[in-house]
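What follows is a short report on a single structure.
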Amino acid sequence: MAGERCGDDVSDYLSQNPQLAQWIESFRGYCESNKQWSARRKFLLRNMEAFSTVKPGMSSSSLDRLLSLSMVWANHVFLGCSYPQAVMDKIKEMGEGIAVQDPPVHKTTKDGIMAKGKRSATDEGDADGCVKRAKATPNELESRPAGRTATWTVTQKAGPPPQAPAEHQPFFNRLYKAVAWKLVSAGGFGPNLDHFEILRSCVESCKQTLTCVFVPLKDITGLPAARTQKDGHVCEIRCQTVYMGTGYGRDESAAKAMASKEALKVFQGRKVTVKICRRRYKGRDVEDLMLLDEQPRSQGFPPALSCPFLDEQLGVGSS
């Protein structure tokens, strides 16, 4: 079975299962080296069977959780990133026995994650414990990392590195063209479109996925003074950790629709640009990656619901 394959057997197994090979390859990050991807691919294949609803070629919440944990594991192994202890214990369990050739040595790398030995059983319920619980508060927000998200983006303590906009810009140039064609076929941008479906389909056509973070409106600080109601939810949409839009609604679905509409507005200009900007997050100023159009802004950005570039944040999300 796929979950039991390791070592050189992985390539042989995938060569005999070309559909599985093509599907699993779609989750490779643009910035992942061959060594990094080989290790994370083993992690994905060996843990697939522990997530009962993960089926090749099909999207599911279980797949999202598995992808999230695979990125966390790879970031820890290759970049030395650290996470809350419950998450570290989880990825240690899931990654035991996966040998990485000449792994880098980090001062923050703890014991165990590279240890070789017998791997204890993993179950989907444990994954829920590490992932779903984060949705309850804005301090532990859920994230849905995309298959080709650059691995360095999860925990840059001081914010995104200076080269981040240039590295992300080619993807958003492609996405800009995909959105433009999609809107033309839909008759143009308007209020009656399914904005989330348009955005989602365009992003997935570019081999990526969206991240949607939801927080109850009452838990948000720093909202505009005119927004006095406390009922409802706020949704923040990102792709490749780049902020795209925020929306408010009576429930998560309505908030997601509004955030998608705001995100699509950015694509109405002549081009889109990824920039590093300062904004508020949990009462402090932080640097964030943001997708912008050419229009001057008369007011500041809405407060961030997540900050993928702080060490204490584990992005875990739903959409």
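Chains: A, B, ... in order of the structure tokens. Residues: from 1 per chain. Ligands: from 1, in order shown.
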>> Show me, as a PyMOL selection string, the residues that have an atom within 12 Å of region 194-206 of chain A when counting only C-alpha atoms, minus same-chain residues fewer than 3 positions from it.
In response: chain A and resi 26-27+30+59+146-148+170-186+188-191+209-212+235+237-240+244-245+247+253-267+319
>> Let me make sure I understand: among A:Cys277, A:Leu193, A:Ala50, A:Ala86, which one has the smallest atom-to-atom distance to Pro162 (chain A) if we use only C-alpha atoms?
In response: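 When distances to Pro162 (chain A) are compared using only C-alpha atoms, the smallest one comes from A:Cys277.
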> By how many Å are CA of Gln169 (chain A) and CA of Val272 (chain A) apart?
Replying inline: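 That distance, rounded to one decimal, is 8.5 Å.
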> Rounded to one decimal in Å, what is the spacing between CA of Val242 (chain A) and CA of Leu291 (chain A)?
Replying inline: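 Between these atoms lies a distance of 6.5 Å.
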> What is the CA of Gln19 (chain A) to CA of Trp37 (chain A) distance in Å?
Replying inline: 18.0 Å
>> Would you pick out the contacts of Leu289 (chain A) at 9 Å or less, using only C-alpha atoms, so that residues sharing its chain but fewer than 6 positions from it are not included, and give the list as an NGL selection string?
In response: :A and (159-160 or 164-165 or 241-243 or 274-278)
>> Under the rule that only C-alpha atoms are counted, which of A:Gly80, A:Arg28, A:Gln16, A:Thr53 is the nearest residue to Gln208 (chain A)?
In response: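 When distances to Gln208 (chain A) are compared using only C-alpha atoms, the smallest one comes from A:Arg28.
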> Which residues, written as a list of chain:residue names, have at least one atom at most 9 Å from Pro56 (chain A), with only C-alpha atoms counted and residues fewer than 2 positions away on the same chain left out?
Replying inline: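 Counting only C-alpha atoms, the residues come to A:Gln19, A:Leu20, A:Trp23, A:Ile24, A:Val54, A:Met58, A:Ser59.
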Write the residues of the selection above to a file with N, CA and C atoms, as a CSV table (one decimal), in the first residue's frame.
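What landed in result-v6.csv:
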chain,number,residue,atom,x,y,z
A,19,GLN,N,-1.1,7.6,-12.3
A,19,GLN,CA,-2.1,8.5,-11.8
A,19,GLN,C,-1.8,9.0,-10.4
A,20,LEU,N,-1.5,8.1,-9.5
A,20,LEU,CA,-1.1,8.5,-8.2
A,20,LEU,C,0.1,9.4,-8.2
A,23,TRP,N,-0.8,12.9,-9.3
A,23,TRP,CA,-1.6,13.6,-8.3
A,23,TRP,C,-0.7,14.1,-7.2
A,24,ILE,N,0.2,13.2,-6.7
A,24,ILE,CA,1.0,13.5,-5.6
A,24,ILE,C,2.0,14.6,-6.0
A,54,VAL,N,-8.8,10.4,2.7
A,54,VAL,CA,-7.9,10.9,1.6
A,54,VAL,C,-7.9,9.9,0.5
A,58,MET,N,-9.0,13.6,-5.2
A,58,MET,CA,-10.2,14.1,-4.6
A,58,MET,C,-9.8,15.1,-3.4
A,59,SER,N,-10.4,16.2,-3.3
A,59,SER,CA,-10.2,17.2,-2.3
A,59,SER,C,-11.0,16.8,-1.0
